[in-house]
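The structure under discussion appears below in the form of C-alpha cells.
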Amino acid sequence: MCSRGLVTVVVFSVPSAKKDRVLRESWREAWLRVAGLVAGLVLAALLLWSSLGTEDGVAEVLAHRGEVLAGRFIEVPCSEDYDGHRRFEGCTPRKCGRGVTDVVITREEAQRVLRYLVPQRSVQASILDLHSGALSMGKHFVNLYRYFGDKIQTVFSEEDFQLYQDVRQKVQLTIAKAFGIGASSLYLTKPTFFSRINSSQARTAHDEYWHAHVDKVTYGSFDYTSLLYLSDYLEDFGGGRFVFVDEGANKTVEPRAGRVSFFTSGSENLHRVEKVLWGTRYAITIAFTCNPDHSIEDPAFT
Ligand SMILES: O=C(O)CCC(=O)C(=O)O
Ligand SMILES: [Fe+2]
C-alpha cells in the first residue's frame, strides 16, 4: 500500500511538480518586482530627503539651533586670496577658519537689535546698509538717512546706535581673540548690513542670497566676516541655514537669535544661504578689514 501510495504519488506528482515550479517561479517574479519597486521607492525617498535637507548633498551640522555654544572654532588652511592684496602684518589672516558662539551676544540683545530695525520691517526692506542708509525696497534702493533727513531720529535713537556699537565691539573682540590678532588692527568696513529674507520671489540680483560666494571677492575689502542672527531656524523660518561649501561634506550653521558666526573672508570659506522656505529670517552682516583706508565709522547721526 505504501509502495502503491508512493507510486500513486509519483504518478500524480509529475505534472503537479511542474505546476509547483511554474507557481514558484511566478511567485519569485512577483516578489522580485515588489522588491524592486520597494527599493526604488526607498532610493527616491532618500534622494528627496537629502535634497530637502541640504539642497546639495552631504552636510554636517557645525552649530545646531538648539545648542548653546560657548565657542566652537575650526581652523582651515588659508586660501591665496589675501596675497593679491596689501598685507597688514598682525591682521591679514595667517590663521584662517570659522567660529560660532552663542555667549557673546545675548538673545535679549539680539531681540533689541531686531526691535530697533522694526521701522525697516514696516517698509518691507530686504537689505539695509547700516553705514550708508541704502535700503533695498523691491527693485529699488533708497537712502534711508537721506529720505528721513533730520527725522531719522524718529526712526533710530541714540540708544539704538549705541547698542549697535556695543554689539560690533564685542564681535570685534571675539574675532581678534579667535585669530590671535589685536582688536585695534581691525576696522569696520562696508557693506555692514541688516538683511531680512522671506520666501517671496527675489526681485533683483541683490536679493539672490542663495548663490555660493566668497566675501573677499564679492565685497573686496572684507578680511573677516561676521554674522549676527536675530531669529531662530525652524521657529521663525524654515530653510535659510548658512552653509560652508566644502569638498566632501558641507558644514551648516543653523541660525539662532544671538548666535554669532565669524570666519576669514577668503575662498577657504566659500558659503551660501539655503533658500528660505517659510517665515522670515533676520541677520546682520558685520565685516572687518585690515586696511585702514577701507574703514568706515559706526553708523551714527551725521
Ligand atoms: O545671512 C547669512 O547667513 C549670510 C549672508 C552672507 O553670506 C553675506 O552677507 O555675505
Ligand atoms: Fe557672504
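Here's how to read the names in the C-alpha cells: chain A, B, ... by the order shown, residue numbers from 1 in each chain, ligand numbers from 1 in the order shown.
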
As number ranges by chain, please: every protein or nucleic acid residue near ligand 2 (cut-off 9 Å, counting only C-alpha atoms and all ligand atoms). A: 209, 212-216, 218-219, 225, 227, 265, 270-273, 285

Set the distance at 7 Å and use only C-alpha atoms: which residues neighbour Gly239 of chain A once local chain neighbours fewer than 2 positions away are removed? I'd like the list as a ChimeraX atom specification. /A:237,241,274-277

Could you list, as a ChimeraX atom specification, every residue within 10 Å of Pro77 of chain A, counting only C-alpha atoms and ignoring same-chain residues fewer than 3 positions away? /A:80,94-97,268-269

Can you measure atom CA of Asp83 of chain A to atom CA of Thr174 of chain A for me? One decimal in Å is fine.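 These atoms are spaced 24.5 Å apart.
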
Would you kindly return, as a ChimeraX atom specification, each protein, DNA or RNA residue with an atom no farther than 7 Å from any atom of segment 162-170 of chain A, considering only C-alpha atoms and excluding same-chain residues fewer than 4 positions away? /A:104-105,158,174,298

Interatomic distance, atom CA of Ala283 of chain A to atom CA of Gly258 of chain A (Å, one decimal): 9.7 Å

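Here atom CA of Gly84 of chain A stands at a distance of 11.1 Å from atom CA of Val217 of chain A.
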
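Of the listed residues A:Trp210, A:Val68, A:Glu29, A:Arg196, the one whose atoms come nearest to Val103 of chain A is A:Val68, with distances taken using only C-alpha atoms.
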
Given the choices A:Tyr282, A:Tyr187, A:Trp27, A:Phe262, which gets closest to Tyr229 of chain A if the distance is worked out from only C-alpha atoms? A:Tyr282

Near segment 176-180 of chain A, within 10 Å and counting only C-alpha atoms, which residues show up once chain neighbours fewer than 4 positions away are dropped, as number ranges by chain? A: 71-75, 90-91, 93-99, 170-172, 184-186, 224, 262-264

Would you put the residues from that selection into a file with C-alpha atoms, as a short mmCIF file (atom, residue, chain, number, x, y, z; two decimals), in the first residue's frame?
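Result file out.cif:
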data_model
loop_
_atom_site.label_atom_id
_atom_site.label_comp_id
_atom_site.auth_asym_id
_atom_site.auth_seq_id
_atom_site.Cartn_x
_atom_site.Cartn_y
_atom_site.Cartn_z
CA GLY A 71 32.54 78.88 21.37
CA ARG A 72 33.44 76.47 18.60
CA PHE A 73 36.37 77.18 16.33
CA ILE A 74 37.61 75.21 13.37
CA GLU A 75 40.83 76.12 11.64
CA GLY A 90 49.30 91.22 12.66
CA CYS A 91 45.92 91.43 10.96
CA PRO A 93 44.92 86.31 8.05
CA ARG A 94 47.79 83.85 8.51
CA LYS A 95 45.48 81.62 10.51
CA CYS A 96 42.14 81.04 8.80
CA GLY A 97 38.98 79.36 9.98
CA ARG A 98 35.45 79.72 11.20
CA GLY A 99 33.85 80.05 14.59
CA LYS A 170 32.03 92.55 21.24
CA VAL A 171 32.09 90.78 17.89
CA GLN A 172 35.37 92.52 17.01
CA SER A 184 42.58 97.55 17.25
CA SER A 185 44.10 96.32 13.98
CA LEU A 186 40.59 95.51 12.73
CA TYR A 224 36.87 88.87 8.44
CA PHE A 262 32.51 84.54 12.01
CA PHE A 263 35.13 83.49 9.51
CA THR A 264 38.01 84.68 7.37
#

A:Phe242, A:Ile296, A:Ala257, A:Lys251: which is nearest ligand 1, counting only C-alpha atoms and all ligand atoms?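 Of A:Phe242, A:Ile296, A:Ala257, A:Lys251, the one nearest ligand 1 is A:Phe242, counting only C-alpha atoms and all ligand atoms.
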
So, with only C-alpha atoms and all ligand atoms as the atoms that count, which of A:Arg115, A:Asn198, A:Trp278, A:His294 lies closest to ligand 1?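 Between A:Arg115, A:Asn198, A:Trp278, A:His294, the residue approaching ligand 1 most closely is A:Asn198.
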
Restricting the calculation to only C-alpha atoms: of A:Gly248, A:Asp160, A:Phe288, A:Ser295, which residue gets closest to Leu173 of chain A?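 The closest residue to Leu173 of chain A is A:Phe288.
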
As a PyMOL selection string, please: the residues near Thr101 of chain A (cut-off 6 Å, only C-alpha atoms, same-chain neighbours under 4 positions excluded). chain A and resi 69-71+259-260

For the residues in that selection, give me N, CA and C atoms as an mmCIF file, in the first residue's frame.
data_model
loop_
_atom_site.group_PDB
_atom_site.id
_atom_site.type_symbol
_atom_site.label_atom_id
_atom_site.label_comp_id
_atom_site.auth_asym_id
_atom_site.auth_seq_id
_atom_site.Cartn_x
_atom_site.Cartn_y
_atom_site.Cartn_z
ATOM 1 N N LEU A 69 26.326 77.318 22.248
ATOM 2 C CA LEU A 69 27.765 77.095 22.107
ATOM 3 C C LEU A 69 28.560 78.167 22.833
ATOM 4 N N ALA A 70 29.441 77.710 23.717
ATOM 5 C CA ALA A 70 30.301 78.667 24.420
ATOM 6 C C ALA A 70 31.368 79.165 23.444
ATOM 7 N N GLY A 71 31.545 78.479 22.373
ATOM 8 C CA GLY A 71 32.540 78.876 21.365
ATOM 9 C C GLY A 71 33.057 77.638 20.672
ATOM 10 N N ARG A 259 23.146 84.264 18.021
ATOM 11 C CA ARG A 259 24.303 83.453 17.563
ATOM 12 C C ARG A 259 25.187 84.292 16.655
ATOM 13 N N VAL A 260 26.494 84.257 16.935
ATOM 14 C CA VAL A 260 27.461 84.963 16.087
ATOM 15 C C VAL A 260 28.310 83.914 15.378
#
